[in-house]
Amino acid sequence: MPVRVRIAPSPTGDPHVGTAYMALFNMIFARHHGGKFILRIEDTDQTRSRPEYEQNIYEALKWCGIHWDEGPGIGGDYGPYRQSERTDIYRKYVAELLASGKAYKCFCTAEDLVEMREISKAQGGKQGYDRRCRNLSPQEIEEREAKGMPYVIRLKVPLTGECVYHDAIKGRITCPWADIDDQVLLKSDAFPTYHLANVVDDHLMGITHVIRGDEWMSSTPKHVLLYEHFGWEPPTFMHMPLLLGTDGKKLSKRRNPTSIFYYRDTGFLPEAFINFLTLMGYSMTGDREIYSLEEIVKEFDAKRIGVSGAVFDINKLEWLNQQYLINNIPEDKLWERIREWSFNDPFIKKLMPLVHTRIKTFSEFMELCDFFFIAHMKYTHELLEIKDGNEQMAAAILQTIIWRLDELEDWGSHGMHTASKDVAEAFSVNHKKTVMRLLFGSLMGKQQGPPLFDSVEILGKDRTRVRLLGAIEFLGGISNKNLSLLKKSWDEKNLAAFKEKLQK
Ligand code: GLU
């Protein structure tokens, strides 16, 4: 059977390094076996999916040099490749499961579910849902439907025994069925959940190997059961090690630069970036660390994939990038690459309105705009000092701005203006003298510069986020305890108790 593999990202956020990591290994696997690599967009979460995030996935993968053989923009024999265009298909399959008694309608309300979860938690149980609709009589179901009660469709998970499957990387995996909820397959808006759509599509698209991150392992038993219920042959599962930060914790945008665009905008070379990603969880023969995509495609051996977490160390990436710069870019080509990166006309022209009336000589252009081109900010305590509070308070202000920008889903000039104003108000501090000054320091590494909000717009979301996090870290970080208190106070729109705590 020809190898067919896929990545199935959800367009619900910035293009994550984990997506490139998985795409890369799937592409290498497909090419090594002379198979096909498919891109499928899993956009069934109507509330979180956005067309711009989908475009960003394409753009980011292309920057990495990752190309798919079938999928959006290319087509193929198994389309459509966007799940929101396949909803009729899922409904048909879920109807089959209902008819054969392998799934059932559940009429519980959101409040019922909250209550069940609380009871279960108090009893130390792993289940969120108590299966109260699993054995409704046909008459009870009819009555509820006649009343127009909305329902979801749930999977009937065995009550005893265990799920056993073979993972081609991790070996034999077992999991007691009792630990698994009767998973929702179809939501009340008639959209499928990830589990249903993922299995149906993997089957219909002829996927032979599911190569995905470790974090999906808890979902696999549900998928194995679905394959069994449908009477389909499951694909071979291969769960790749999770990407970890140097702190040993899962890579997260709350702590690390996770957007692929951050690496592009900071001036890494895509060829070094993907070489680095292949080092995550894989080791070439002879412990070689620098090699081309063609070499790994040729030599690829799934047995060389590691089983435990892979550390994403930016210092290592920088080292590798330098090796590429030295060895792959001759001196007479260097300027061309730097120019393409950020000294290109469209980018530089964006800066002109910011500097036009602010420079006395051309050389002051660089003095004003250096922060658009540098990656390592040089913070000092004086630079990030605020008049009306200590460093912990400054860190809390920056953290709250991140939350507010995420809430607004706008990291541009308008979003930053609103966020900084809202946060100044919440902390009862001066917007200009305290919050904006702190932002100048954090984002530009200076107390004054070109207009702040326009600069944020050009700097872009990814670098802005990473700099805010960097400044928070420089200020000593925020302890977990303070972070949860801050979050709670922010959500309740009352920061008085938090501020009081910091003053003690
Ligand atoms: N939609 C999932 C994601 O966002 C797909 C996981 C899988 O590969 O099954 O990564």
# chains A, B, ... in the order shown; residues from 1 in each chain; ligands from 1

call {"tool": "residues_near_ligand", "arguments": {"ligand": "ligand 1", "cutoff": "8 Å", "atoms": "only C-alpha atoms and all ligand atoms", "output": "PyMOL selection string"}}
result
chain A and resi 6-11+19+41-43+194+198+210-213+216

call {"tool": "residues_around", "arguments": {"residues": "Lys170 (chain A)", "least_positions_apart": "5", "cutoff": "9 Å", "atoms": "only C-alpha atoms", "output": "PDB file with C-alpha atoms, in the first residue's frame"}}
result
ATOM      1  CA  MET A 238       3.560   7.030  15.553  1.00  0.00           C
ATOM      2  CA  HIS A 239       3.675   9.532  18.382  1.00  0.00           C
ATOM      3  CA  MET A 240       6.634  11.877  18.253  1.00  0.00           C
ATOM      4  CA  GLY A 306      13.459   9.181  20.372  1.00  0.00           C
ATOM      5  CA  VAL A 307      10.766   8.308  22.856  1.00  0.00           C
TER       6      VAL A 307
END

call {"tool": "residues_around", "arguments": {"residues": "Phe25 (chain A)", "least_positions_apart": "5", "cutoff": "12 Å", "atoms": "only C-alpha atoms", "output": "JSON, numbers by chain"}}
result
{"A": [5, 6, 7, 18, 19, 20, 30, 31, 32, 37, 66, 209, 210, 211, 212, 213, 238, 239, 240, 241, 274, 275, 277, 278, 279, 280, 281, 282, 293, 296, 297, 300, 301, 302, 305]}

call {"tool": "write_last_selection", "arguments": {"atoms": "N, CA and C atoms", "output": "short mmCIF file (atom, residue, chain, number, x, y, z; two decimals), in the first residue's frame"}}
result
data_model
loop_
_atom_site.label_atom_id
_atom_site.label_comp_id
_atom_site.auth_asym_id
_atom_site.auth_seq_id
_atom_site.Cartn_x
_atom_site.Cartn_y
_atom_site.Cartn_z
N VAL A 5 0.60 10.10 4.38
CA VAL A 5 0.62 10.69 5.72
C VAL A 5 0.07 12.10 5.64
N ARG A 6 -0.21 12.66 6.80
CA ARG A 6 -0.82 14.00 6.77
C ARG A 6 -0.46 14.79 8.01
N ILE A 7 -0.55 16.11 7.89
CA ILE A 7 -0.68 16.90 9.12
C ILE A 7 -2.07 17.50 9.06
N GLY A 18 5.51 23.60 16.51
CA GLY A 18 5.11 22.19 16.57
C GLY A 18 4.48 21.75 15.25
N THR A 19 3.80 22.65 14.57
CA THR A 19 3.19 22.31 13.28
C THR A 19 4.29 22.07 12.24
N ALA A 20 5.31 22.93 12.26
CA ALA A 20 6.41 22.74 11.30
C ALA A 20 7.16 21.44 11.62
N ALA A 30 7.10 10.57 4.12
CA ALA A 30 6.46 10.34 2.82
C ALA A 30 7.50 10.25 1.71
N ARG A 31 8.44 11.20 1.72
CA ARG A 31 9.43 11.20 0.64
C ARG A 31 10.34 9.98 0.71
N HIS A 32 10.68 9.59 1.92
CA HIS A 32 11.55 8.41 2.07
C HIS A 32 10.88 7.17 1.48
N PHE A 37 2.33 13.30 1.00
CA PHE A 37 2.19 14.08 2.24
C PHE A 37 1.02 15.05 2.04
N ILE A 66 8.48 23.67 3.34
CA ILE A 66 7.70 22.43 3.48
C ILE A 66 6.55 22.48 2.48
N HIS A 209 -0.23 6.12 7.89
CA HIS A 209 0.52 6.33 9.13
C HIS A 209 0.11 7.67 9.73
N VAL A 210 -0.27 7.63 11.00
CA VAL A 210 -0.60 8.89 11.68
C VAL A 210 0.62 9.26 12.53
N ILE A 211 1.36 10.26 12.04
CA ILE A 211 2.56 10.71 12.76
C ILE A 211 2.20 12.04 13.41
N ARG A 212 2.08 12.03 14.71
CA ARG A 212 1.68 13.27 15.39
C ARG A 212 2.36 13.34 16.75
N GLY A 213 2.17 14.46 17.43
CA GLY A 213 2.85 14.69 18.71
C GLY A 213 2.26 13.83 19.83
N MET A 238 2.18 6.71 15.16
CA MET A 238 3.56 7.03 15.55
C MET A 238 3.53 8.35 16.30
N HIS A 239 3.73 8.29 17.60
CA HIS A 239 3.67 9.53 18.38
C HIS A 239 5.08 10.05 18.65
N MET A 240 5.31 11.25 18.17
CA MET A 240 6.63 11.88 18.25
C MET A 240 6.82 12.57 19.60
N PRO A 241 8.07 12.64 20.07
CA PRO A 241 8.30 13.30 21.36
C PRO A 241 7.87 14.77 21.35
N ILE A 274 14.83 24.29 9.81
CA ILE A 274 14.27 22.94 9.65
C ILE A 274 15.30 21.86 10.01
N ASN A 275 16.56 22.14 9.77
CA ASN A 275 17.59 21.19 10.22
C ASN A 275 17.46 21.04 11.75
N LEU A 277 14.86 21.58 13.59
CA LEU A 277 13.64 20.85 13.97
C LEU A 277 13.80 19.34 13.79
N THR A 278 14.59 18.93 12.81
CA THR A 278 14.76 17.48 12.64
C THR A 278 15.63 16.89 13.76
N LEU A 279 16.39 17.76 14.44
CA LEU A 279 17.19 17.26 15.56
C LEU A 279 16.30 16.96 16.77
N MET A 280 15.10 17.52 16.74
CA MET A 280 14.17 17.32 17.85
C MET A 280 13.61 15.91 17.75
N GLY A 281 14.10 15.06 18.57
CA GLY A 281 13.52 13.72 18.59
C GLY A 281 14.10 12.78 17.57
N TYR A 282 15.14 13.20 16.82
CA TYR A 282 15.71 12.28 15.84
C TYR A 282 17.22 12.37 15.92
N LEU A 293 18.06 18.37 3.96
CA LEU A 293 16.78 17.67 3.94
C LEU A 293 16.90 16.40 3.09
N ILE A 296 18.51 13.55 5.09
CA ILE A 296 17.66 12.88 6.09
C ILE A 296 16.55 12.09 5.39
N VAL A 297 16.06 12.60 4.28
CA VAL A 297 15.03 11.87 3.53
C VAL A 297 15.60 10.52 3.10
N PHE A 300 16.40 8.26 6.33
CA PHE A 300 15.43 8.22 7.43
C PHE A 300 15.11 6.80 7.91
N ASP A 301 15.08 6.66 9.22
CA ASP A 301 14.78 5.37 9.82
C ASP A 301 13.97 5.65 11.10
N ALA A 302 12.71 5.21 11.10
CA ALA A 302 11.82 5.53 12.22
C ALA A 302 12.39 5.03 13.55
N ILE A 305 13.93 7.59 15.96
CA ILE A 305 13.13 8.63 16.63
C ILE A 305 13.16 8.34 18.13
#

call {"tool": "closest_residue", "arguments": {"among": "A:Asn390, A:Ser120, A:Gln399, A:Ser283", "to": "Leu502 (chain A)", "atoms": "only C-alpha atoms"}}
result
A:Asn390

call {"tool": "closest_residue", "arguments": {"among": "A:Arg40, A:Lys62, A:Lys249, A:His381", "to": "Pro270 (chain A)", "atoms": "only C-alpha atoms"}}
result
A:Lys62

call {"tool": "residues_around", "arguments": {"residues": "Met416 (chain A)", "least_positions_apart": "4", "cutoff": "7 Å", "atoms": "only C-alpha atoms", "output": "PyMOL selection string"}}
result
chain A and resi 405+411-412+420+453

call {"tool": "select_by_dssp", "arguments": {"residues": "region 285-366 of chain A", "states": "alpha helix (DSSP H)", "output": "number ranges by chain"}}
result
A: 293-299, 314-328, 331-342, 345-355, 363-366
